[in-house]
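Dumped target.cif below, it's mmCIF, C-alpha atoms:
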data_work
#
loop_
_atom_site.label_atom_id
_atom_site.label_comp_id
_atom_site.auth_asym_id
_atom_site.auth_seq_id
_atom_site.Cartn_x
_atom_site.Cartn_y
_atom_site.Cartn_z
CA MET A 614 2.00 60.17 -62.70
CA ASP A 615 2.46 56.52 -63.76
CA LEU A 616 2.63 53.86 -61.07
CA ASP A 617 5.75 51.75 -60.81
CA ASP A 618 4.78 48.25 -62.02
CA ALA A 619 7.81 46.78 -60.28
CA SER A 620 6.50 47.95 -56.93
CA GLY A 621 3.29 45.94 -57.39
CA LYS A 622 1.09 48.95 -56.64
CA ARG A 623 -0.86 48.63 -59.87
CA LYS A 624 -1.50 44.93 -59.20
CA VAL A 625 -3.08 45.45 -55.77
CA PRO A 626 -6.54 46.54 -57.00
CA ASN A 627 -6.67 43.61 -59.43
CA VAL A 628 -5.72 41.11 -56.74
CA GLN A 629 -8.31 42.56 -54.37
CA ALA A 630 -11.01 42.33 -57.02
CA ARG A 631 -10.19 38.72 -57.82
CA SER A 632 -10.12 37.88 -54.10
CA ALA A 633 -13.56 39.43 -53.58
CA MET A 634 -14.96 37.48 -56.53
CA LEU A 635 -13.53 34.20 -55.25
CA THR A 636 -14.84 34.86 -51.74
CA GLY A 637 -18.30 35.61 -53.10
CA ALA A 638 -18.29 32.46 -55.22
CA LEU A 639 -17.19 30.41 -52.21
CA ILE A 640 -20.01 31.78 -50.05
CA VAL A 641 -22.61 31.12 -52.76
CA GLY A 642 -21.26 27.59 -53.22
CA MET A 643 -21.41 26.90 -49.50
CA CYS A 644 -25.02 28.12 -49.30
CA LEU A 645 -26.05 25.96 -52.25
CA GLY A 646 -24.25 23.01 -50.69
CA VAL A 647 -26.10 23.45 -47.39
CA ILE A 648 -29.46 23.68 -49.18
CA VAL A 649 -28.81 20.58 -51.30
CA SER A 650 -27.47 18.64 -48.30
CA GLU A 651 -30.52 19.54 -46.22
CA LYS A 652 -32.87 18.45 -49.00
CA LEU A 653 -31.05 15.13 -49.33
CA TYR A 654 -31.11 14.74 -45.55
CA LEU A 655 -34.86 15.24 -45.39
CA ILE A 656 -35.44 12.81 -48.26
CA THR A 657 -33.47 10.08 -46.49
CA GLN A 658 -35.27 10.78 -43.22
CA GLU A 659 -38.65 10.56 -44.93
CA ALA A 660 -37.71 7.20 -46.39
CA ASP A 661 -36.95 5.84 -42.93
CA LEU A 662 -40.02 7.23 -41.17
CA PRO A 663 -43.41 5.55 -40.92
CA GLU A 664 -46.26 6.86 -43.01
CA GLY A 665 -47.76 9.97 -41.43
CA ALA A 666 -44.53 11.32 -39.98
CA VAL A 667 -43.34 13.06 -43.18
CA ALA A 668 -44.99 16.34 -42.23
CA ALA A 669 -43.19 16.29 -38.91
CA VAL A 670 -39.84 15.84 -40.67
CA ARG A 671 -40.52 18.69 -43.09
CA SER A 672 -41.50 21.02 -40.27
CA ARG A 673 -38.25 20.64 -38.40
CA LYS A 674 -34.80 19.29 -39.11
CA LEU A 675 -34.12 16.22 -37.00
CA GLU A 676 -30.97 16.62 -34.97
CA VAL A 677 -28.31 13.98 -34.55
CA GLN A 678 -26.99 14.13 -31.02
CA ALA A 679 -23.29 13.43 -30.67
CA SER A 680 -23.88 11.88 -27.26
CA ALA A 681 -26.87 9.75 -28.25
CA GLY A 682 -26.57 6.00 -28.03
CA THR A 683 -25.31 3.85 -30.89
CA ALA A 684 -28.36 2.69 -32.84
CA VAL A 685 -29.14 -1.00 -33.18
CA ARG A 686 -29.49 -2.01 -36.81
CA ARG A 687 -32.60 -3.99 -37.61
CA SER A 688 -32.50 -6.88 -40.04
CA THR A 689 -34.51 -6.80 -43.25
CA GLY A 690 -33.56 -10.36 -44.18
CA LYS A 691 -35.06 -13.64 -43.10
CA PRO A 692 -36.54 -13.21 -39.60
CA ARG A 693 -34.61 -14.88 -36.81
CA SER A 694 -37.55 -15.15 -34.40
CA GLU A 695 -41.33 -15.01 -34.27
CA LEU A 696 -41.21 -11.46 -32.91
CA GLU A 697 -38.94 -10.28 -35.71
CA GLU A 698 -41.26 -11.83 -38.31
CA ILE A 699 -44.23 -9.99 -36.80
CA LEU A 700 -42.35 -6.69 -36.64
CA GLN A 701 -41.16 -6.92 -40.23
CA ARG A 702 -44.78 -7.38 -41.27
CA VAL A 703 -46.53 -4.93 -38.93
CA ALA A 704 -43.88 -2.20 -38.59
CA PRO A 705 -41.45 -2.41 -41.53
CA GLN A 706 -40.27 1.18 -40.98
CA GLY A 707 -38.80 0.30 -37.59
CA GLU A 708 -41.23 2.00 -35.18
CA VAL A 709 -44.03 0.19 -33.38
CA MET A 710 -46.66 1.15 -30.82
CA ILE A 711 -47.35 -1.58 -28.27
CA ALA A 712 -49.70 -2.25 -25.40
CA ILE A 713 -48.86 -5.05 -22.97
CA SER A 714 -51.91 -6.77 -21.53
CA ASN A 715 -53.65 -9.88 -20.28
CA MET A 716 -57.23 -11.04 -20.80
CA ASN A 717 -58.43 -9.30 -17.63
CA LEU A 718 -58.17 -5.94 -19.38
CA ILE A 719 -60.55 -7.16 -22.09
CA HIS A 720 -63.08 -8.09 -19.41
CA GLU A 721 -62.58 -4.68 -17.76
CA GLN A 722 -63.10 -3.02 -21.18
CA SER A 723 -60.00 -0.83 -21.03
CA LEU A 724 -58.19 -2.79 -23.75
CA VAL A 725 -61.40 -2.83 -25.80
CA MET A 726 -61.48 0.98 -25.67
CA TRP A 727 -57.75 1.18 -26.45
CA LEU A 728 -58.34 -0.86 -29.60
CA GLU A 729 -61.39 1.19 -30.53
CA CYS A 730 -59.27 4.33 -30.55
CA VAL A 731 -56.25 2.94 -32.36
CA GLN A 732 -58.15 1.11 -35.09
CA ARG A 733 -60.06 4.22 -36.18
CA ILE A 734 -56.97 6.34 -36.97
CA GLU A 735 -56.17 6.36 -40.67
CA GLY A 736 -52.55 5.56 -41.41
CA LEU A 737 -51.83 4.14 -37.94
CA THR A 738 -51.14 0.48 -38.68
CA ASN A 739 -47.82 -0.10 -36.88
CA TRP A 740 -49.28 -1.16 -33.54
CA LEU A 741 -49.24 -4.44 -31.67
CA ILE A 742 -50.80 -6.06 -28.61
CA VAL A 743 -48.31 -8.00 -26.51
CA ALA A 744 -50.48 -10.74 -25.03
CA ILE A 745 -48.99 -12.18 -21.87
CA ASP A 746 -51.52 -14.99 -21.42
CA GLU A 747 -52.97 -17.62 -23.75
CA GLN A 748 -56.53 -16.34 -23.38
CA LEU A 749 -55.72 -12.90 -24.78
CA ALA A 750 -53.56 -14.39 -27.55
CA ALA A 751 -56.48 -16.60 -28.60
CA TYR A 752 -58.87 -13.62 -28.45
CA CYS A 753 -56.58 -11.52 -30.66
CA LYS A 754 -56.16 -14.36 -33.15
CA GLU A 755 -59.93 -14.85 -33.38
CA LYS A 756 -60.54 -11.12 -33.91
CA GLY A 757 -57.67 -10.64 -36.37
CA ILE A 758 -55.84 -8.24 -34.03
CA ASN A 759 -52.10 -7.61 -34.42
CA HIS A 760 -50.52 -9.44 -31.51
CA TYR A 761 -47.45 -11.18 -30.16
CA TYR A 762 -47.84 -13.89 -27.55
CA ARG A 763 -45.19 -13.42 -24.91
CA PRO A 764 -45.92 -15.30 -21.66
CA VAL A 765 -44.33 -13.92 -18.50
CA VAL A 766 -43.39 -15.28 -15.11
CA ILE A 767 -43.94 -12.71 -12.37
CA PRO A 768 -40.90 -12.61 -10.04
CA ASP A 769 -41.37 -13.08 -6.31
CA SER A 770 -40.50 -9.42 -5.74
CA GLN A 771 -43.65 -8.32 -7.62
CA LYS A 772 -46.18 -11.01 -6.67
CA ASP A 773 -47.98 -9.00 -3.99
CA THR A 774 -48.06 -5.67 -5.83
CA GLY A 775 -51.33 -6.26 -7.71
CA SER A 776 -51.73 -7.52 -11.27
CA ASN A 777 -51.40 -4.11 -12.97
CA HIS A 778 -48.20 -3.18 -11.13
CA ALA A 779 -46.76 -6.65 -11.66
CA ILE A 780 -47.41 -6.44 -15.42
CA SER A 781 -45.91 -2.96 -15.50
CA ALA A 782 -42.76 -4.18 -13.79
CA MET A 783 -42.35 -6.93 -16.39
CA LYS A 784 -42.64 -4.65 -19.41
CA TYR A 785 -39.02 -3.48 -19.41
CA GLU A 786 -37.55 -6.83 -20.34
CA ILE A 787 -40.27 -7.25 -22.98
CA ILE A 788 -39.53 -3.86 -24.55
CA ARG A 789 -35.82 -4.66 -24.44
CA GLU A 790 -36.46 -7.59 -26.79
CA PHE A 791 -37.91 -5.16 -29.35
CA LEU A 792 -34.95 -2.79 -29.01
CA GLN A 793 -32.44 -5.61 -29.39
CA LEU A 794 -34.00 -6.36 -32.78
CA GLY A 795 -33.63 -2.70 -33.80
CA TRP A 796 -37.23 -1.48 -33.42
CA ASP A 797 -38.08 1.78 -31.65
CA VAL A 798 -41.06 1.39 -29.33
CA LEU A 799 -43.93 3.67 -28.36
CA LEU A 800 -45.23 2.08 -25.16
CA SER A 801 -48.85 2.79 -24.27
CA ASP A 802 -50.75 1.64 -21.21
CA VAL A 803 -54.27 0.44 -22.03
CA ASP A 804 -55.93 3.21 -19.99
CA ILE A 805 -55.04 5.67 -22.76
CA ALA A 806 -57.28 7.16 -25.45
CA THR A 807 -55.36 7.67 -28.69
CA LEU A 808 -57.01 10.51 -30.61
CA GLN A 809 -54.41 11.32 -33.29
CA ASN A 810 -51.51 9.45 -34.85
CA PRO A 811 -48.84 9.83 -32.14
CA PHE A 812 -45.99 9.17 -34.57
CA ASP A 813 -46.76 12.51 -36.22
CA HIS A 814 -45.90 14.28 -32.95
CA LEU A 815 -42.56 12.76 -31.99
CA TYR A 816 -39.23 14.57 -32.34
CA ARG A 817 -36.87 11.58 -32.50
CA ASP A 818 -33.89 13.61 -31.28
CA SER A 819 -33.54 11.88 -27.90
CA ASP A 820 -33.16 8.41 -26.45
CA VAL A 821 -36.47 8.62 -24.56
CA GLU A 822 -39.48 10.89 -25.09
CA GLY A 823 -41.65 10.57 -22.01
CA MET A 824 -45.09 11.70 -20.94
CA THR A 825 -45.02 13.86 -17.84
CA ASP A 826 -47.19 13.73 -14.74
CA GLY A 827 -46.74 17.51 -14.65
CA PHE A 828 -49.67 19.87 -15.12
CA ASP A 829 -48.11 23.22 -16.07
CA PRO A 830 -44.86 24.39 -17.72
CA LEU A 831 -42.91 24.42 -14.45
CA THR A 832 -43.94 20.98 -13.24
CA ALA A 833 -43.74 19.46 -16.72
CA TYR A 834 -40.58 21.03 -18.13
CA GLY A 835 -38.61 22.00 -15.04
CA GLU A 836 -37.89 24.96 -12.82
CA ILE A 837 -35.22 26.53 -10.67
CA TYR A 838 -36.49 26.76 -7.09
CA GLY A 839 -35.10 28.42 -4.00
CA ILE A 840 -34.10 27.00 -0.62
CA ASP A 841 -33.95 29.23 2.45
CA ASP A 842 -31.92 28.07 5.45
CA ALA A 843 -31.72 31.00 7.87
CA THR A 844 -29.09 29.21 9.99
CA MET A 845 -26.56 29.69 7.17
CA GLY A 846 -26.63 33.48 7.44
CA TRP A 847 -24.93 35.01 4.39
CA SER A 848 -25.47 31.85 2.30
CA ARG A 849 -29.00 31.11 3.51
CA TYR A 850 -30.36 31.12 -0.05
CA ALA A 851 -29.56 28.33 -2.51
CA GLN A 852 -31.12 26.95 -5.65
CA GLY A 853 -32.15 23.57 -6.98
CA THR A 854 -33.87 22.10 -10.02
CA ARG A 855 -37.00 19.95 -10.15
CA HIS A 856 -39.80 18.66 -12.35
CA MET A 857 -42.54 16.05 -12.12
CA ALA A 858 -41.82 12.43 -12.95
CA PHE A 859 -41.98 10.81 -16.36
CA ASN A 860 -45.00 8.52 -16.45
CA SER A 861 -43.89 4.95 -17.07
CA GLY A 862 -47.09 4.16 -18.98
CA LEU A 863 -46.44 6.30 -22.06
CA PHE A 864 -43.05 6.83 -23.66
CA PHE A 865 -41.16 6.50 -26.94
CA ILE A 866 -37.81 4.75 -26.64
CA ARG A 867 -35.25 4.36 -29.40
CA ALA A 868 -33.24 1.23 -30.05
CA ASN A 869 -29.63 1.85 -29.06
CA ASP A 870 -26.99 0.63 -26.65
CA LYS A 871 -27.84 3.20 -23.95
CA THR A 872 -31.56 2.44 -23.87
CA ILE A 873 -30.91 -1.30 -23.79
CA ASP A 874 -28.61 -0.71 -20.82
CA LEU A 875 -31.34 1.43 -19.19
CA LEU A 876 -33.99 -1.29 -19.52
CA THR A 877 -31.57 -4.00 -18.40
CA ARG A 878 -30.84 -2.11 -15.18
CA ILE A 879 -34.51 -1.43 -14.49
CA ALA A 880 -35.56 -5.02 -15.16
CA ASP A 881 -32.75 -6.33 -12.96
CA LYS A 882 -33.66 -4.08 -10.03
CA LEU A 883 -37.38 -4.85 -10.25
CA SER A 884 -36.68 -8.59 -10.36
CA LYS A 885 -34.89 -8.31 -7.00
CA GLN A 886 -36.66 -5.51 -5.13
CA LYS A 887 -40.29 -4.69 -4.44
CA GLU A 888 -40.52 -1.18 -5.83
CA TRP A 889 -42.92 0.80 -8.01
CA ASP A 890 -41.61 0.58 -11.54
CA GLN A 891 -42.28 4.27 -12.24
CA SER A 892 -39.98 5.28 -9.40
CA VAL A 893 -37.21 3.06 -10.75
CA TRP A 894 -37.83 4.32 -14.30
CA ASN A 895 -37.24 7.91 -13.19
CA GLU A 896 -34.33 7.01 -10.93
CA PHE A 897 -32.30 5.54 -13.77
CA ILE A 898 -33.19 8.32 -16.21
CA PHE A 899 -32.59 11.35 -13.99
CA PHE A 900 -30.27 10.48 -11.10
CA LEU A 901 -26.77 11.84 -11.68
CA SER A 902 -23.58 9.82 -11.91
CA HIS A 903 -21.69 10.01 -8.63
CA GLY A 904 -18.90 8.12 -6.94
CA ASP A 905 -18.77 4.59 -8.29
CA TYR A 906 -22.26 4.91 -9.81
CA LYS A 907 -22.50 5.76 -13.50
CA SER A 908 -25.97 6.51 -14.82
CA PRO A 909 -27.17 5.12 -18.17
CA GLN A 910 -26.64 8.70 -19.45
CA ILE A 911 -29.57 8.62 -21.83
CA ILE A 912 -30.91 11.84 -23.37
CA PRO A 913 -34.51 12.46 -22.23
CA ARG A 914 -37.13 14.70 -23.82
CA VAL A 915 -40.43 15.46 -22.13
CA MET A 916 -43.53 15.25 -24.31
CA ASP A 917 -45.79 18.29 -24.72
CA TYR A 918 -48.14 18.02 -21.73
CA MET A 919 -50.99 19.55 -23.74
CA LYS A 920 -50.65 16.91 -26.47
CA PHE A 921 -49.74 13.83 -24.45
CA MET A 922 -52.13 14.73 -21.68
CA ASN A 923 -52.86 13.35 -18.23
CA THR A 924 -56.32 13.52 -16.74
CA LYS A 925 -55.38 16.11 -14.12
CA VAL A 926 -54.64 18.53 -16.96
CA LEU A 927 -57.82 17.58 -18.81
CA PHE A 928 -60.30 17.66 -15.93
CA LYS A 929 -58.78 20.50 -13.90
CA GLN A 930 -57.79 22.82 -16.75
CA VAL A 931 -58.53 22.05 -20.38
CA ARG A 932 -62.26 21.33 -20.17
CA HIS A 933 -62.80 24.71 -18.45
CA MET A 934 -61.04 26.68 -21.20
CA PRO A 935 -63.06 28.52 -23.87
CA LYS A 936 -63.79 26.03 -26.64
CA ASP A 937 -61.75 27.88 -29.23
CA GLN A 938 -58.71 27.77 -26.93
CA GLN A 939 -58.86 24.12 -25.95
CA PRO A 940 -55.96 22.09 -27.38
CA LYS A 941 -56.82 18.80 -29.03
CA PRO A 942 -54.73 16.13 -27.34
CA VAL A 943 -52.92 13.39 -29.22
CA MET A 944 -53.25 10.88 -26.38
CA VAL A 945 -54.97 11.15 -23.00
CA HIS A 946 -53.78 8.95 -20.14
CA SER A 947 -56.43 8.24 -17.52
CA ASN A 948 -53.83 8.08 -14.78
CA TYR A 949 -54.81 10.63 -12.12
CA HIS A 950 -58.20 9.20 -11.13
CA PRO A 951 -59.34 5.84 -9.71
CA ASP A 952 -62.45 5.67 -11.94
CA LYS A 953 -60.20 5.07 -14.95
CA SER A 954 -62.61 3.20 -17.21
CA ASP A 955 -65.51 5.61 -16.70
CA ARG A 956 -63.36 8.63 -17.46
CA LEU A 957 -61.74 6.90 -20.43
CA ARG A 958 -65.18 6.12 -21.83
CA ALA A 959 -66.18 9.78 -21.36
CA ILE A 960 -62.99 10.99 -23.07
CA ILE A 961 -63.77 8.82 -26.09
CA ALA A 962 -67.37 10.06 -26.12
CA HIS A 963 -66.21 13.68 -25.98
CA TYR A 964 -63.35 13.69 -28.49
CA ILE A 965 -64.37 10.93 -30.89
CA LYS A 966 -68.17 10.80 -30.72
CA GLY A 967 -68.70 14.54 -30.30
CA ASP A 968 -70.56 14.57 -26.98
CA GLU A 969 -69.76 18.05 -25.65
CA HIS A 970 -71.10 17.25 -22.17
CA ALA A 971 -69.48 13.83 -21.68
CA LEU A 972 -66.88 15.22 -19.25
CA ASP A 973 -69.23 17.42 -17.24
CA LYS A 974 -70.31 14.97 -14.54
CA PHE A 975 -66.80 14.26 -13.27
CA PRO A 976 -65.11 16.29 -10.53
CA GLY A 977 -61.68 17.73 -11.21
CA GLY A 978 -60.08 15.48 -8.63
CA SER A 979 -61.28 12.29 -7.01
CA GLU A 980 -63.61 13.94 -4.49
CA PRO A 981 -67.02 15.50 -5.25
CA GLY A 982 -66.82 19.23 -5.76
CA SER A 983 -63.09 19.23 -6.46
#
Since I need it in another form, could you write the structure as structure tokens?
Amino acid sequence: MDLDDASGKRKVPNVQARSAMLTGALIVGMCLGVIVSEKLYLITQEADLPEGAVAAVRSRKLEVQASAGTAVRRSTGKPRSELEEILQRVAPQGEVMIAISNMNLIHEQSLVMWLECVQRIEGLTNWLIVAIDEQLAAYCKEKGINHYYRPVVIPDSQKDTGSNHAISAMKYEIIREFLQLGWDVLLSDVDIATLQNPFDHLYRDSDVEGMTDGFDPLTAYGEIYGIDDATMGWSRYAQGTRHMAFNSGLFFIRANDKTIDLLTRIADKLSKQKEWDQSVWNEFIFFLSHGDYKSPQIIPRVMDYMKFMNTKVLFKQVRHMPKDQQPKPVMVHSNYHPDKSDRLRAIIAHYIKGDEHALDKFPGGSEPGS
């Protein structure tokens, strides 16, 4: 029996077929568009990254956070200051690793060891010593070391805290000057052994990537813990969250309005109150907005504690692992032990000079037998 054309019944299969074809073509087009867009995205990211970070970009798509701070644009024209001229020359891609120091840390050898590590890494050229006294600036100039002379005046609130803590408290306003020019900063204390190019191991999806004082996944990355208050009866059990502090001696901070606000608040508080800068650093990063207080609302990321390693992890755990299971750290911060220089020297001997027994003589903690 013939179908009635006027009813449209014969046209239905044809319309359905055309619709299926159009839908299929649309899906294929969308897939091709995504692939092409991603390739273009990676190419533009590679162009903006320092040499050595390309592999990191190819291994993961960098995410743009909707709530991240508004980036500060850096100038590529005529430099407006001595610092900008140095940065354009030393770190033209917009990322720089800095160590802030005075001449005392040359005499103590820690800055000498810091330089020994950094200068041996192929492709790592975007680093800078911020010399805060004339003696170190002259030393760097004589030795041909990348440096920026930036004298400081220690505020009254920090004068009795010891030279290292006083310098540490001053670093936030120094780093802010870099951010205001549009440069992202990887801050490294001088009691750190750099073993690989750290820029190859950053994610760049957060405002701050910070080294942790944690020593396992729970203390480093966070945990839910329980509270038991028997006096509450039915509701005696409650939960909280916690993790170990970010170390204020090793972090990567991006140049944007939120991070500049963060450093401004920290510098202001430390100029008025006698407090440990690491406590203030963590307070402004992690304390929640409440009442009339609004936090800087930066996005933090904790660094891999087996790559950006503290010496508790190294001396209590890693060195006791089977050799084929030991991770190779990117940077090791000699922060958990008072004999910093001796341990730093041993770390360099072990990882750079190949002395398998260089770490053996040290206890895990600060006391013999620990």
**OP:** Name the residues that the PyMOL selection byres ((chain A and resi 742-757) around 7) picks from the file above, as a list of chain:residue names, using the file's chain letters and numbers.
**Re:** A:Ile711, A:Ala712, A:Ile713, A:Ser714, A:Asn715, A:Met716, A:Leu741, A:Ile758, A:Asn759, A:His760, A:Tyr761, A:Tyr762, A:Arg763, A:Pro764, A:Val765
Subject >> Straight-line distance linking CA of Glu790 in chain A with CA of Ser861 in chain A, stated in Å to one decimal >> reply: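 Straight-line distance from CA of Glu790 in chain A to CA of Ser861 in chain A works out to 17.5 Å.
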**OP:** Please write as number ranges by chain the full residue list that the PyMOL selection byres ((chain A and resi 703) around 8) yields on this file.
**Re:** A: 699-702, 704-705, 709, 738-741, 759
Enumerate, as a PDB file with C-alpha atoms, keeping the file's coordinate frame, the residues matched when the PyMOL selection byres ((chain A and resi 954-959) around 8) is run on the file above.
ATOM      1  CA  GLU A 721     -62.580  -4.680 -17.760  1.00  0.00           C
ATOM      2  CA  GLN A 722     -63.100  -3.020 -21.180  1.00  0.00           C
ATOM      3  CA  SER A 723     -60.000  -0.830 -21.030  1.00  0.00           C
ATOM      4  CA  MET A 726     -61.480   0.980 -25.670  1.00  0.00           C
ATOM      5  CA  ASP A 804     -55.930   3.210 -19.990  1.00  0.00           C
ATOM      6  CA  ILE A 805     -55.040   5.670 -22.760  1.00  0.00           C
ATOM      7  CA  ALA A 806     -57.280   7.160 -25.450  1.00  0.00           C
ATOM      8  CA  SER A 947     -56.430   8.240 -17.520  1.00  0.00           C
ATOM      9  CA  ASP A 952     -62.450   5.670 -11.940  1.00  0.00           C
ATOM     10  CA  LYS A 953     -60.200   5.070 -14.950  1.00  0.00           C
ATOM     11  CA  ILE A 960     -62.990  10.990 -23.070  1.00  0.00           C
ATOM     12  CA  ILE A 961     -63.770   8.820 -26.090  1.00  0.00           C
ATOM     13  CA  ALA A 962     -67.370  10.060 -26.120  1.00  0.00           C
ATOM     14  CA  HIS A 963     -66.210  13.680 -25.980  1.00  0.00           C
ATOM     15  CA  ALA A 971     -69.480  13.830 -21.680  1.00  0.00           C
ATOM     16  CA  LEU A 972     -66.880  15.220 -19.250  1.00  0.00           C
ATOM     17  CA  PHE A 975     -66.800  14.260 -13.270  1.00  0.00           C
TER      18      PHE A 975
END
Do you know which residues are at most 9 Å from Asp841 in chain A counting all atoms listed in the file, after dropping those on the same chain fewer than 6 positions away, and could you put them as a compact mmCIF listing (two decimals) with C-alpha atoms, in the frame of the given file?
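File written: result_8.txt
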# COMPACT_ATOMS: atom_id res chain seq x y z
CA SER A 848 -25.47 31.85 2.30
CA ARG A 849 -29.00 31.11 3.51
CA TYR A 850 -30.36 31.12 -0.05
CA ALA A 851 -29.56 28.33 -2.51
CA GLN A 852 -31.12 26.95 -5.65
Original post:
Hey, what's within 10 Å of range 908-910 of chain A if we count all atoms listed in the file and toss same-chain stuff fewer than 4 positions away? As a ChimeraX atom specification, please?
Top reply: /A:680-682,820,870-876,878,896-903
Only C-alpha atoms, please: the residues just picked out, written as a short mmCIF file (atom, residue, chain, number, x, y, z; two decimals), keeping the file's coordinate frame.
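Result went into again.cif, see below:
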data_model
loop_
_atom_site.label_atom_id
_atom_site.label_comp_id
_atom_site.auth_asym_id
_atom_site.auth_seq_id
_atom_site.Cartn_x
_atom_site.Cartn_y
_atom_site.Cartn_z
CA SER A 680 -23.88 11.88 -27.26
CA ALA A 681 -26.87 9.75 -28.25
CA GLY A 682 -26.57 6.00 -28.03
CA ASP A 820 -33.16 8.41 -26.45
CA ASP A 870 -26.99 0.63 -26.65
CA LYS A 871 -27.84 3.20 -23.95
CA THR A 872 -31.56 2.44 -23.87
CA ILE A 873 -30.91 -1.30 -23.79
CA ASP A 874 -28.61 -0.71 -20.82
CA LEU A 875 -31.34 1.43 -19.19
CA LEU A 876 -33.99 -1.29 -19.52
CA ARG A 878 -30.84 -2.11 -15.18
CA GLU A 896 -34.33 7.01 -10.93
CA PHE A 897 -32.30 5.54 -13.77
CA ILE A 898 -33.19 8.32 -16.21
CA PHE A 899 -32.59 11.35 -13.99
CA PHE A 900 -30.27 10.48 -11.10
CA LEU A 901 -26.77 11.84 -11.68
CA SER A 902 -23.58 9.82 -11.91
CA HIS A 903 -21.69 10.01 -8.63
#
Residues near Lys920 in chain A, cut-off 7 Å, only C-alpha atoms, skip fewer than 2 positions along chain, as a PDB file with C-alpha atoms, in the coordinates of the input:
ATOM      1  CA  ASP A 917     -45.790  18.290 -24.720  1.00  0.00           C
ATOM      2  CA  TYR A 918     -48.140  18.020 -21.730  1.00  0.00           C
ATOM      3  CA  MET A 922     -52.130  14.730 -21.680  1.00  0.00           C
ATOM      4  CA  LYS A 941     -56.820  18.800 -29.030  1.00  0.00           C
ATOM      5  CA  PRO A 942     -54.730  16.130 -27.340  1.00  0.00           C
ATOM      6  CA  VAL A 943     -52.920  13.390 -29.220  1.00  0.00           C
ATOM      7  CA  MET A 944     -53.250  10.880 -26.380  1.00  0.00           C
TER       8      MET A 944
END
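Interatomic distance, CA of Gln706 in chain A to CA of Thr877 in chain A: 24.7 Å.
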